[in-house]
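Novice: Can you keep this structure in mind? I'll have questions shortly.
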Amino acid sequence: MTLTMLIAPFVVLNVVIGMVTYVTLLERKFAARMQSRIGPYRVGPHGLLQPIADALKLMMKEDIVPTAADRSIYNLAPIVFLLPCMLIFATIPFAPGLGVADLNIGILFFLAVSAMEIVGLFMAGWGSNNKYALLSAMRAVNQIISYDLPFIFSALVPVLLAGSLRLSDIAAAQGGGYWFIFYPVIGQLAFLFFIISTLAAENRVPFDILEAESELVAGFRVEYSGMKFALIQLGEYAHVIGSSYLGALLFLGAWGGPGPEWLGPIWFTLKAVVLFLLVTWVRWSFVRIRVDQILALSWKVLMPATLLLLVATGMVVVWRIAP
Amino acid sequence: MGLQPFLVLSSALFCIGLFGVITRRNTIGILLGIELMLNSVNINLVAFSRFNGSVAGMVFTVFTISITVAEMALGLAIVILLFRVRRTAMADHLDLLKG
Amino acid sequence: MTGEAVAFYALSAMLVVSALAVVLSKNLFHAVLWLALALTGTAGIFLLLDAEFLAAVQLLLYAGGVVTIVVFAIVVTERLVGETITQTNRRIAGGALVCGALLWLLITTVLERPLATERPIMPDDLTKAIGESVLTRFVLPFELLAVLMLAALLGAIYFARPEE
Amino acid sequence: MRTDPGTLALVSLLLPLASFFVLAIVAPFRRLGRPAAYFSVLCATGAFAAAVMAWLAQGESTIPTLHLWEWLPGQGKSLATVGVLVDPDSTVMLMLVTLVALLVQVYSLGYLHEEPPKGLGRYYTYQSLFAFSMMGLVLSPNLLQLFMCWELVGLCSYLLIGFWYPKPEAARAAVKAFWTTKLGDVGFLIGIVLLWRSAGTFDLTELHAMVQSSTLPLAGLSIITFCIYLGAAGKSAQFPFHVWLPDAMEGPTPVSALIHAATMVTAGVYLLHRTSWLFALTPDVLLIVAWVGAFTALLAAVLACVQDDIKRVLAYSTVSQLGYMMAAIGAGFSAAGFFHLLTHGLFKALLFLGAGAVIHAVGTNDISKMGGLARKMPITAIVFLIGTLSLAGIPFFGGYLSKEEILGAMWAGGLPGPFAVLMLVAFLTAFYMFRVVFLAFYGPSHVAASHGELVMTTPPDEGKIVHDQPGPHSSHLHDPPASMLLPLLTLAALAMFVGIYSTLIGPLLPAEAAEHAAPGWLTPSAVGVAVVGILLAWLTYQRRTINPESLASAFGPIRTAALAKFWVDDAFIFVYERVLLTFARVVGWTDRYIVDGVLNMVSAWTLTAGDDLRTIQTGKAQDYVYGVAVGVLALILWMKLS
């Protein structure tokens with residue numbers, strides 16, 4: 001066990017937490033611009049210290065536990081929820097050789113760990129002993145299961161094209177500007193499906209039925225406050241950022257870009273942020289859709305479509321190799 | 001680390017799972033016990049596969065996991081159906097097969 | 001003790017504790033969560049056995065899939081009953097005796113055998129090896145598995161369909 | 001043309017099969033009747049043409065052609081094959097079968113013209129199936145396929161005898177024929193299986209090769225050949241299995257001509273001829289064959305002398321001639337028997353068809369109710385006479401040379417006993433056949449006087465035909481229509497041709513060239529015996545110089561015995577009623593009170609025990625798992641301790 005093995009996770013964890021805090025600010029600013037507002041402006045120059053103020057406020061708030069709650073579960077839930085959201089960063093290489101663990105099953109690890117997020121989510125919903133929270137958790141589980149398969153299938157398209165499950169191999173396969181999103185037809189379709197299922201897996205608009213304010217108040221985290229609420233928020237945003245990184249890696253050539261090599265991580269982050277903004281744009285532009293529509297979209301459209309796409313990709317790969 | 005610790009661990013898990021299957025009153029509890037037992041079998045398979053240098057055990061683990069998921073879905077569907085029909089999840093009450 | 005051994009014993013302790021909790025916990029929901037922990041621990045054991053792919057599959061299918069299904073079942077049945085399901089055990093002494101004896105027998109059997117201690121060298125990319133043998137040597141079981149999955153799917157749908 | 005004879009034979013074989021399938025499956029077509037009949041006739045024509053071409057293609061060559069398909073795959077080599085084996089014998093036999101089948105089918109068009117369309121369709125379906133089965137039997141390259149076809153022809157025989165199944169006699173005769181032949185078939189099956197056990201093959205060619213290289217184990221071979229002979233005896237109506245054949249005359253007359261004269265009944269002879277190299281290894285069985293054959297010939301000839309039913313006379317004469325053939329085979333000259341089979345097939349079919357024409361016109365089988373028909377039906381009378389002369393073995397007629405050959409074979413085979421018997425039979429044959437001729441075709445007519453009462457009192461012998469027809473009247477008597485006449489004339493011409501050819505030039509088939517030197521006195525004496533028989537019949541029934549009654553009383557006891565069919569049927573009935581039924585009663589009692597009693601006791605105990613034990617079954621899955629766990633524990637403990 002070398003020292004770097006301990007240092008790398010520490011660094012990544014802190015960078016991610018820092019990023020996530022500032023991503024919230026980015027979203028608020030972006031949303032404000034879309035609505036012709038200015039957004040946070042008071043704390044610090046151009047409101048740049050706003051996230052820190054938010055964090056401090058949440059930390060100092062009173063921690064309330066409902067009387068009827070299943071206490072142990074209620075208390076554990078935010079951590080169990082946050083853990084997989086942070087773990088997904090473990091396998092992402094930010095530049096050649098720069099990452100916590102470049103597993104040979106990287107993408108599978110990513111998918112498996114992000115699937116575990118449901119457990120924490122459900123714990124939160126159940127532990128609160130609140131009807132809204134439980135309903136919300138149920139909806140979340142429902143939706144995440146439904147969109148897991150299209151998510152995996154669309155992510156498998158770059159895997160097939162690159163011929164490896166290792167994320168750095170996938171990134172390397174797109175070297176020289178041949179990003180998989182430019183791959184005729186297949187690349188664009190896979191990217192579209194990937195974005196849609198990412199939205200659903202992150203429970204973002206238009207798939208945010210689990211925290212639909214008009215129906216369920218604030219969803220599964222309705223009973224949480226203070227630091228626990230902050231942890232859940234942190235997890236959610238970390239998940240979004242992680243997915244954005246994954247999308248950038250799978251389809252947008254990861255660290256590839258003009259300029260010297262040390263610019264790589266910057267390019268990668270820039271692409272991820274662009275994806276994040278895309279998601280945010282969707283969030284503030286679209287309306288929520290019904291539960292049955294969400295399920296129908298997954299099982300009746302995305303599932304067959306991604307499956308066909310996967311088969312087509314397989315044929316392309318075989319055909320490409322065969323002659 | 002040899003093969004032995006893994007086998008001991010899997011035996012322990014197996015017996016605990018068996019205990020659950022025998023003693024639980026609730027049908028879902030029984031299913032959980034079965035899960036544990038299958039899990040210990042998987043550990044066994046992978047351990048033997050690793051220490052024999054053959055990939056077959058791992059392949060069968062993949063099969064086991066998939067079959068378990070299928071079996072679980074079916075088992076739970078049956079439990080839910082039993083619930084609808086007999087209004088109970090207690091295994092003691094489910095004795096239609098009584099001789 | 002090497003780091004691997006430390007990891008193994010830690011995982012084993014966690015596994016045994018969580019497994020016991022699965023079968024002894026009074027609260028069914030807690031039992032399910034303990035099961036999730038046990039399954040995750042098993043994934044860790046797989047990692048120790050160099051089977052990264054299986055670890056990932058274990059997490060993805062078991063911890064994700066199975067736990068989800070179980071949670072569903074609890075919620076659905078609970079709503080039907082209208083009260084929290086408490087979970088009790090019976091025949092504890094007999095069960096413990098039988099299982100304990102079985103465990104003792106198994107462990108003594110395992111310990112008295114000379115078993116492999118060295119790991120033979122296996123292909124670098126086990127995932128690839130598994131994938132290749134699934135589609136060559138084990139292709140028939142694999143296909144049968146697909147049929148089984150379909151049958152299970154249909155069966156589950158049939159059983160759980162709404163009452164007419 | 002030099003086409004492969006095997007392919008041609010296969011075509012010939014498959015045409016009737018196609019016809020059968022079409023008629024059997026396409027029910028609406030079958031129910032049309034006539035079109036179905038024409039289709040079947042067409043297929044039979046094709047089959048005959050193919051058979052002739054196969055014979056021509058085979059020519060002088062004695063090299064067999066084999067077409068085999070694997071049927072039952074076995075270890076190493078296939079257990080059983082199906083296919084065709086084409087050699088000179090099978091092509092000639094094939095030609096005979098297809099020819100008679102074709103002529104009979106044409107003949108039936110006229111004979112069964114009163115039959116409703118549905119029945120006609122059914123009749124031709126059976127006919128097609130029979131043609132296929134018989135050809136399959138003839139061409140079969142191994143004993144297994146032969147046995148299957150053997151059973152198939154038995155089935156067809158059953159179906160066709162019982163064609164007018166509403167008639168109780170017909171249904172009874174059908175069942176009798178079926179069971180009697182089945183008795184022999186069981187022996188046949190046992191023989192085949194035993195042979196397979198000792199030789200390891202069903203294939204005739206391989207068996208022949210084994211016999212030639214003396215690799216076939218001789219131990220137990222006598223039992224095998226005897227068992228096979230049993231099958232042949234059943235089919236070929238040898239004593240004591242001959243009882244079914246006269247009764248089988250309840251079927252339509254064309255069926256009798258085809259199945260019970262020319263083809264199926266000769267299958268036994270054919271089988272023995274095919275396997276003559278096998279029988280040659282077991283002279284003791286051959287001796288049995290010869291003696292039984294001669295005895296059957298005598299018995300049937302005596303029986304034929306006292307019959308008044310024209311078809312029964314012919315049937316007994318068939319039995320008698322089959323005895324001839326068998327005797328020749330028993331003497332070790334199977335080729336002579338086979339030759340007689342061929343010629344007999346021709347003229348016996350001719351006789352039956354002629355008899356059918358008479359019956360068709362007169363409406364009765366009884367010769368005492370005929371007489372003077374020669375003037376009304378001249379052509380029928382002539383062809384019938386040709387057939388009779390052939391059967392009697394008069395030179396220039398069909399059966400002359402073949403009969404001589406058999407007698408010569410008996411002499412050369414060193415069997416003076418059977419030889420003497422057969423000489424006697426030759427005399428009797430000429431006598432009873434000419435008795436029929438003189439009573440039916442010459443002398444005073446009894447037709448007109450008897451016909452009214454006939455219709456009123458006696459049940460119609462030929463089913464619907466008599467019912468539907470206006471009572472036969474002497475003024476209505478005339479030669480049959482063209483469709484019936486044509487086969488008659490064809491057969492008559494062939495019988496004449498064979499007779500003249502063989503008398504002047506020698507045996508028709510090169511394979512039948514005399515294998516033995518007959519003593520010079522044989523031919524004159526055989527012909528002389530026949531002529532004496534004819535003379536006796538003439539004096540008795542035509543000139544009436546000898547009173548038939550006094551002739552009868554001279555042979556009183558024999559006549560009485562013959563009228564009672566020598567009590568063979570009674571013996572069968574006795575065996576059935578006394579021995580079998582008594583045995584069955586004993587077995588039934590044992591079964592009911594001892595076997596069942598023990599079983600009832602055991603089952604009662606089981607029930608009680610089940611009632612007591614079922615409390616163990618709680619119906620709870622967990623309890624079972626608990627039991628399994630304890631069981632596993634016990635098992636591991638046991639394994640550890642032992």
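Ligands are numbered from 1 in the order shown, residues from 1 within each chain, and chains are lettered A, B, ... in the order they appear in the structure tokens.
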List as number ranges by chain the protein and nucleic acid residues near Ile195 (chain A), meaning an atom at most 9 Å away when only C-alpha atoms are counted, but skip any in the same chain fewer than 6 places from it.

Specialist: A: 151, 247, 275, 279

Novice: Excluding Ile92 (chain C) and its own-chain neighbours fewer than 6 positions away, which residues fall within 12 Å of it when counting only C-alpha atoms? Please give them as a VMD selection string.

Specialist: (chain B and resid 16 18 to 25) or (chain C and resid 23 to 24 98 to 100) or (chain D and resid 626)

Novice: The selected residues should be written to file as a compact mmCIF listing (two decimals), in the first residue's frame (atoms: all heavy atoms).

Specialist:
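Wrote again03.txt, looks like this:
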```
# COMPACT_ATOMS: atom_id res chain seq x y z
N ILE B 16 -25.75 -20.16 8.51
CA ILE B 16 -26.57 -19.06 9.01
C ILE B 16 -27.82 -18.92 8.14
O ILE B 16 -28.95 -18.77 8.64
CB ILE B 16 -25.76 -17.75 9.04
CG1 ILE B 16 -24.64 -17.87 10.06
CG2 ILE B 16 -26.67 -16.58 9.39
CD1 ILE B 16 -23.68 -16.71 10.03
N LEU B 18 -29.20 -21.22 6.37
CA LEU B 18 -30.08 -22.38 6.62
C LEU B 18 -30.88 -22.15 7.89
O LEU B 18 -32.09 -22.44 7.95
CB LEU B 18 -29.23 -23.64 6.72
CG LEU B 18 -30.00 -24.93 6.96
CD1 LEU B 18 -30.89 -25.22 5.78
CD2 LEU B 18 -29.06 -26.08 7.20
N PHE B 19 -30.19 -21.64 8.88
CA PHE B 19 -30.88 -21.33 10.13
C PHE B 19 -32.05 -20.38 9.87
O PHE B 19 -33.17 -20.59 10.36
CB PHE B 19 -29.88 -20.71 11.11
CG PHE B 19 -30.50 -20.29 12.40
CD1 PHE B 19 -30.80 -21.24 13.38
CD2 PHE B 19 -30.79 -18.96 12.67
CE1 PHE B 19 -31.37 -20.86 14.57
CE2 PHE B 19 -31.36 -18.59 13.85
CZ PHE B 19 -31.65 -19.53 14.81
N GLY B 20 -31.79 -19.37 9.05
CA GLY B 20 -32.86 -18.43 8.72
C GLY B 20 -34.02 -19.13 8.02
O GLY B 20 -35.19 -18.91 8.34
N VAL B 21 -33.69 -19.99 7.09
CA VAL B 21 -34.76 -20.66 6.34
C VAL B 21 -35.60 -21.52 7.27
O VAL B 21 -36.82 -21.59 7.16
CB VAL B 21 -34.15 -21.51 5.20
CG1 VAL B 21 -35.23 -22.37 4.54
CG2 VAL B 21 -33.52 -20.63 4.16
N ILE B 22 -34.92 -22.17 8.22
CA ILE B 22 -35.67 -23.07 9.11
C ILE B 22 -36.51 -22.31 10.12
O ILE B 22 -37.64 -22.69 10.42
CB ILE B 22 -34.69 -24.03 9.82
CG1 ILE B 22 -34.05 -24.96 8.82
CG2 ILE B 22 -35.40 -24.84 10.88
CD1 ILE B 22 -33.02 -25.87 9.41
N THR B 23 -35.97 -21.21 10.63
CA THR B 23 -36.63 -20.62 11.80
C THR B 23 -37.53 -19.44 11.49
O THR B 23 -38.37 -19.11 12.32
CB THR B 23 -35.58 -20.17 12.83
OG1 THR B 23 -34.75 -19.20 12.22
CG2 THR B 23 -34.76 -21.35 13.30
N ARG B 24 -37.35 -18.80 10.35
CA ARG B 24 -38.13 -17.59 10.12
C ARG B 24 -39.62 -17.91 10.00
O ARG B 24 -40.00 -18.91 9.38
CB ARG B 24 -37.65 -16.89 8.84
CG ARG B 24 -36.38 -16.10 9.03
CD ARG B 24 -36.52 -15.07 10.09
NE ARG B 24 -35.66 -13.92 9.85
CZ ARG B 24 -35.51 -12.93 10.71
NH1 ARG B 24 -36.16 -12.95 11.86
NH2 ARG B 24 -34.73 -11.91 10.44
N ARG B 25 -40.43 -17.03 10.54
CA ARG B 25 -41.87 -17.24 10.41
C ARG B 25 -42.44 -16.59 9.16
O ARG B 25 -43.48 -16.98 8.67
CB ARG B 25 -42.58 -16.63 11.62
CG ARG B 25 -42.59 -17.52 12.82
CD ARG B 25 -43.50 -16.93 13.87
NE ARG B 25 -43.09 -17.36 15.21
CZ ARG B 25 -43.43 -18.52 15.73
NH1 ARG B 25 -44.16 -19.35 15.03
NH2 ARG B 25 -43.03 -18.86 16.93
N VAL C 23 -30.81 -13.02 9.78
CA VAL C 23 -31.71 -14.08 10.21
C VAL C 23 -32.30 -13.81 11.60
O VAL C 23 -33.24 -14.50 12.00
CB VAL C 23 -31.02 -15.45 10.20
CG1 VAL C 23 -30.66 -15.83 8.79
CG2 VAL C 23 -29.82 -15.48 11.10
N LEU C 24 -31.73 -12.87 12.34
CA LEU C 24 -32.21 -12.68 13.70
C LEU C 24 -32.97 -11.39 13.90
O LEU C 24 -33.72 -11.26 14.88
CB LEU C 24 -31.03 -12.75 14.68
CG LEU C 24 -30.40 -14.14 14.80
CD1 LEU C 24 -29.16 -14.07 15.67
CD2 LEU C 24 -31.39 -15.13 15.35
N VAL C 98 -29.11 -27.95 14.75
CA VAL C 98 -28.84 -28.58 13.45
C VAL C 98 -27.81 -27.79 12.68
O VAL C 98 -26.82 -28.34 12.17
CB VAL C 98 -30.16 -28.70 12.66
CG1 VAL C 98 -29.86 -29.08 11.23
CG2 VAL C 98 -31.06 -29.72 13.31
N CYS C 99 -28.02 -26.48 12.60
CA CYS C 99 -27.11 -25.67 11.80
C CYS C 99 -25.72 -25.64 12.42
O CYS C 99 -24.71 -25.65 11.72
CB CYS C 99 -27.66 -24.26 11.65
SG CYS C 99 -29.19 -24.24 10.72
N GLY C 100 -25.69 -25.56 13.74
CA GLY C 100 -24.40 -25.56 14.40
C GLY C 100 -23.65 -26.86 14.13
O GLY C 100 -22.45 -26.85 13.81
N TYR D 626 -36.25 -28.39 7.21
CA TYR D 626 -35.69 -28.85 8.47
C TYR D 626 -35.33 -30.33 8.36
O TYR D 626 -34.22 -30.75 8.71
CB TYR D 626 -36.74 -28.64 9.55
CG TYR D 626 -36.23 -28.75 10.97
CD1 TYR D 626 -35.13 -28.01 11.38
CD2 TYR D 626 -36.87 -29.57 11.88
CE1 TYR D 626 -34.68 -28.11 12.68
CE2 TYR D 626 -36.43 -29.67 13.18
CZ TYR D 626 -35.32 -28.94 13.59
OH TYR D 626 -34.88 -29.03 14.86
```

Novice: Leaving out Leu15 (chain D) and any residue of its chain fewer than 3 positions from it, which residues lie within 8 Å of it when counting only C-alpha atoms, given as a list of chain:residue names?

Specialist: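 Neighbouring residues, sequence-local ones excluded: D:Val11, D:Ser12, D:Ala18, D:Ser19, D:Cys43, D:Ala44, D:Gly46, D:Ala47, D:Phe132.
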
Novice: For the residues in that selection, give me all heavy atoms as a PDB file, in the first residue's frame.

Specialist:
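Result went into again-v2.pdb, see below:
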```pdb
ATOM      1  N   VAL D  11     -40.088 -47.496 -58.404  1.00  0.00           N
ATOM      2  CA  VAL D  11     -41.227 -46.756 -58.978  1.00  0.00           C
ATOM      3  C   VAL D  11     -42.469 -47.626 -58.916  1.00  0.00           C
ATOM      4  O   VAL D  11     -43.543 -47.214 -58.478  1.00  0.00           O
ATOM      5  CB  VAL D  11     -40.916 -46.357 -60.427  1.00  0.00           C
ATOM      6  CG1 VAL D  11     -42.164 -45.836 -61.113  1.00  0.00           C
ATOM      7  CG2 VAL D  11     -39.825 -45.321 -60.459  1.00  0.00           C
ATOM      8  N   SER D  12     -42.296 -48.869 -59.337  1.00  0.00           N
ATOM      9  CA  SER D  12     -43.412 -49.800 -59.341  1.00  0.00           C
ATOM     10  C   SER D  12     -43.977 -49.967 -57.935  1.00  0.00           C
ATOM     11  O   SER D  12     -45.182 -50.057 -57.731  1.00  0.00           O
ATOM     12  CB  SER D  12     -42.908 -51.130 -59.890  1.00  0.00           C
ATOM     13  OG  SER D  12     -43.912 -52.077 -59.875  1.00  0.00           O
ATOM     14  N   ALA D  18     -48.591 -44.384 -53.469  1.00  0.00           N
ATOM     15  CA  ALA D  18     -49.104 -43.039 -53.730  1.00  0.00           C
ATOM     16  C   ALA D  18     -50.611 -43.093 -53.893  1.00  0.00           C
ATOM     17  O   ALA D  18     -51.357 -42.283 -53.329  1.00  0.00           O
ATOM     18  CB  ALA D  18     -48.441 -42.473 -54.976  1.00  0.00           C
ATOM     19  N   SER D  19     -51.056 -44.083 -54.655  1.00  0.00           N
ATOM     20  CA  SER D  19     -52.489 -44.221 -54.871  1.00  0.00           C
ATOM     21  C   SER D  19     -53.204 -44.420 -53.544  1.00  0.00           C
ATOM     22  O   SER D  19     -54.233 -43.785 -53.254  1.00  0.00           O
ATOM     23  CB  SER D  19     -52.729 -45.410 -55.791  1.00  0.00           C
ATOM     24  OG  SER D  19     -54.052 -45.823 -55.704  1.00  0.00           O
ATOM     25  N   CYS D  43     -52.652 -46.106 -61.528  1.00  0.00           N
ATOM     26  CA  CYS D  43     -51.425 -46.349 -60.784  1.00  0.00           C
ATOM     27  C   CYS D  43     -50.984 -47.795 -60.953  1.00  0.00           C
ATOM     28  O   CYS D  43     -49.787 -48.087 -61.104  1.00  0.00           O
ATOM     29  CB  CYS D  43     -51.615 -46.034 -59.300  1.00  0.00           C
ATOM     30  SG  CYS D  43     -51.642 -44.274 -58.980  1.00  0.00           S
ATOM     31  N   ALA D  44     -51.956 -48.714 -60.946  1.00  0.00           N
ATOM     32  CA  ALA D  44     -51.614 -50.129 -61.096  1.00  0.00           C
ATOM     33  C   ALA D  44     -51.014 -50.370 -62.472  1.00  0.00           C
ATOM     34  O   ALA D  44     -50.071 -51.153 -62.637  1.00  0.00           O
ATOM     35  CB  ALA D  44     -52.844 -50.989 -60.887  1.00  0.00           C
ATOM     36  N   GLY D  46     -49.349 -48.190 -64.241  1.00  0.00           N
ATOM     37  CA  GLY D  46     -47.976 -47.679 -64.176  1.00  0.00           C
ATOM     38  C   GLY D  46     -47.066 -48.662 -63.476  1.00  0.00           C
ATOM     39  O   GLY D  46     -45.938 -48.917 -63.919  1.00  0.00           O
ATOM     40  N   ALA D  47     -47.565 -49.227 -62.386  1.00  0.00           N
ATOM     41  CA  ALA D  47     -46.750 -50.156 -61.616  1.00  0.00           C
ATOM     42  C   ALA D  47     -46.413 -51.369 -62.465  1.00  0.00           C
ATOM     43  O   ALA D  47     -45.268 -51.851 -62.473  1.00  0.00           O
ATOM     44  CB  ALA D  47     -47.498 -50.580 -60.359  1.00  0.00           C
ATOM     45  N   PHE D 132     -49.257 -52.437 -52.842  1.00  0.00           N
ATOM     46  CA  PHE D 132     -48.005 -51.923 -52.288  1.00  0.00           C
ATOM     47  C   PHE D 132     -47.383 -52.925 -51.325  1.00  0.00           C
ATOM     48  O   PHE D 132     -46.193 -53.230 -51.398  1.00  0.00           O
ATOM     49  CB  PHE D 132     -48.251 -50.599 -51.571  1.00  0.00           C
ATOM     50  CG  PHE D 132     -47.155 -50.240 -50.619  1.00  0.00           C
ATOM     51  CD1 PHE D 132     -45.919 -49.824 -51.086  1.00  0.00           C
ATOM     52  CD2 PHE D 132     -47.342 -50.341 -49.251  1.00  0.00           C
ATOM     53  CE1 PHE D 132     -44.905 -49.524 -50.220  1.00  0.00           C
ATOM     54  CE2 PHE D 132     -46.326 -50.037 -48.385  1.00  0.00           C
ATOM     55  CZ  PHE D 132     -45.101 -49.628 -48.867  1.00  0.00           C
TER      56      PHE D 132
END
```

Novice: Applying 10 Å and only C-alpha atoms, which residues near Met1 (chain B) remain after dropping the ones on its own chain fewer than 6 positions away? List them as a PyMOL selection string.

Specialist: chain C and resi 1-2+4-5+8+116-119

Novice: Between CA of Lys77 (chain D) and CA of Asn142 (chain D), what is the distance in Å, rounded to a tenth?

Specialist: 14.5 Å

Novice: For a quick test of understanding: name the residues of chain A lying within 12 Å of chain C when counting only C-alpha atoms, and present them as an MDAnalysis selection string.

Specialist: chainID A and resid 1:2 70:74 76:77 80 84 103:123 125:127 129 131 134:135 137:146 148:149 152 163:166

Novice: Based on only C-alpha atoms, which of the residues in chain D come within 8 Å of chain B? I want them as a compact mmCIF listing (two decimals) with all heavy atoms, in the first residue's frame.

Specialist:
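Saved result, iface_15.txt, follows:
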```txt
# COMPACT_ATOMS: atom_id res chain seq x y z
N ARG D 614 -49.38 -40.07 6.94
CA ARG D 614 -49.55 -38.76 6.32
C ARG D 614 -49.53 -37.63 7.33
O ARG D 614 -49.39 -36.47 6.96
CB ARG D 614 -50.83 -38.70 5.52
CG ARG D 614 -52.08 -38.74 6.34
CD ARG D 614 -53.25 -38.62 5.44
NE ARG D 614 -54.18 -37.65 5.96
CZ ARG D 614 -55.33 -37.35 5.41
NH1 ARG D 614 -55.68 -37.94 4.31
NH2 ARG D 614 -56.13 -36.46 5.92
N THR D 615 -49.65 -37.99 8.59
CA THR D 615 -49.58 -36.92 9.59
C THR D 615 -48.19 -36.30 9.63
O THR D 615 -48.02 -35.18 10.08
CB THR D 615 -49.93 -37.47 10.97
OG1 THR D 615 -49.22 -38.69 11.15
CG2 THR D 615 -51.42 -37.72 11.11
N ILE D 616 -47.21 -37.04 9.11
CA ILE D 616 -45.86 -36.48 9.06
C ILE D 616 -45.83 -35.28 8.13
O ILE D 616 -45.11 -34.31 8.35
CB ILE D 616 -44.87 -37.56 8.57
CG1 ILE D 616 -44.74 -38.65 9.63
CG2 ILE D 616 -43.51 -36.96 8.28
CD1 ILE D 616 -43.87 -39.78 9.20
N GLN D 617 -46.66 -35.33 7.10
CA GLN D 617 -46.67 -34.26 6.11
C GLN D 617 -47.44 -33.07 6.67
O GLN D 617 -48.66 -33.05 6.65
CB GLN D 617 -47.35 -34.74 4.82
CG GLN D 617 -46.70 -35.95 4.21
CD GLN D 617 -45.48 -35.58 3.40
OE1 GLN D 617 -45.36 -34.46 2.94
NE2 GLN D 617 -44.57 -36.52 3.25
N THR D 618 -46.70 -32.07 7.14
CA THR D 618 -47.39 -30.91 7.71
C THR D 618 -47.82 -29.93 6.63
O THR D 618 -48.60 -29.06 6.88
CB THR D 618 -46.47 -30.18 8.68
OG1 THR D 618 -45.31 -29.81 7.96
CG2 THR D 618 -46.10 -31.07 9.85
N GLY D 619 -47.22 -30.08 5.43
CA GLY D 619 -47.55 -29.14 4.38
C GLY D 619 -46.78 -27.84 4.47
O GLY D 619 -46.93 -26.95 3.66
N LYS D 620 -45.93 -27.73 5.49
CA LYS D 620 -45.15 -26.49 5.64
C LYS D 620 -43.77 -26.70 5.07
O LYS D 620 -43.04 -27.61 5.48
CB LYS D 620 -45.06 -26.12 7.11
CG LYS D 620 -46.39 -25.70 7.67
CD LYS D 620 -46.32 -25.58 9.17
CE LYS D 620 -47.74 -25.46 9.73
NZ LYS D 620 -47.81 -25.84 11.13
N ALA D 621 -43.42 -25.84 4.11
CA ALA D 621 -42.15 -26.02 3.42
C ALA D 621 -40.98 -26.03 4.39
O ALA D 621 -40.02 -26.76 4.22
CB ALA D 621 -41.98 -24.92 2.38
N GLN D 622 -41.10 -25.22 5.43
CA GLN D 622 -39.98 -25.11 6.36
C GLN D 622 -39.70 -26.43 7.07
O GLN D 622 -38.55 -26.79 7.29
CB GLN D 622 -40.29 -24.04 7.39
CG GLN D 622 -39.82 -22.69 6.96
CD GLN D 622 -40.21 -21.66 7.98
OE1 GLN D 622 -41.38 -21.56 8.34
NE2 GLN D 622 -39.26 -20.90 8.45
N ASP D 623 -40.77 -27.11 7.43
CA ASP D 623 -40.57 -28.39 8.10
C ASP D 623 -39.80 -29.35 7.21
O ASP D 623 -38.95 -30.11 7.67
CB ASP D 623 -41.92 -29.00 8.47
CG ASP D 623 -42.60 -28.18 9.55
OD1 ASP D 623 -41.92 -27.31 10.11
OD2 ASP D 623 -43.79 -28.42 9.78
N VAL D 625 -37.67 -28.47 4.87
CA VAL D 625 -36.27 -28.03 4.83
C VAL D 625 -35.56 -28.50 6.10
O VAL D 625 -34.41 -28.97 6.05
CB VAL D 625 -36.19 -26.49 4.71
CG1 VAL D 625 -34.76 -26.03 4.77
CG2 VAL D 625 -36.83 -26.05 3.41
N TYR D 626 -36.25 -28.39 7.21
CA TYR D 626 -35.69 -28.85 8.47
C TYR D 626 -35.33 -30.33 8.36
O TYR D 626 -34.22 -30.75 8.71
CB TYR D 626 -36.74 -28.64 9.55
CG TYR D 626 -36.23 -28.75 10.97
CD1 TYR D 626 -35.13 -28.01 11.38
CD2 TYR D 626 -36.87 -29.57 11.88
CE1 TYR D 626 -34.68 -28.11 12.68
CE2 TYR D 626 -36.43 -29.67 13.18
CZ TYR D 626 -35.32 -28.94 13.59
OH TYR D 626 -34.88 -29.03 14.86
```

Novice: Which distance in Å separates CA of Tyr9 (chain C) and CA of Ala51 (chain C), to one decimal?

Specialist: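 A separation of 17.9 Å between them.
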
Novice: For chain B, work out the contacting residues on chain C at 6 Å, counting only C-alpha atoms, and write them as a ChimeraX atom specification.

Specialist: /C:23,88-91,95,99,103,107,116-117,119-120,122,130,149,152,156,159-160

Novice: Write down as a ChimeraX atom specification the residues belonging to chain B that are assigned helix (DSSP H, G or I) by DSSP computed on the backbone.

Specialist: /B:3-23,27-52,56-86,91-93
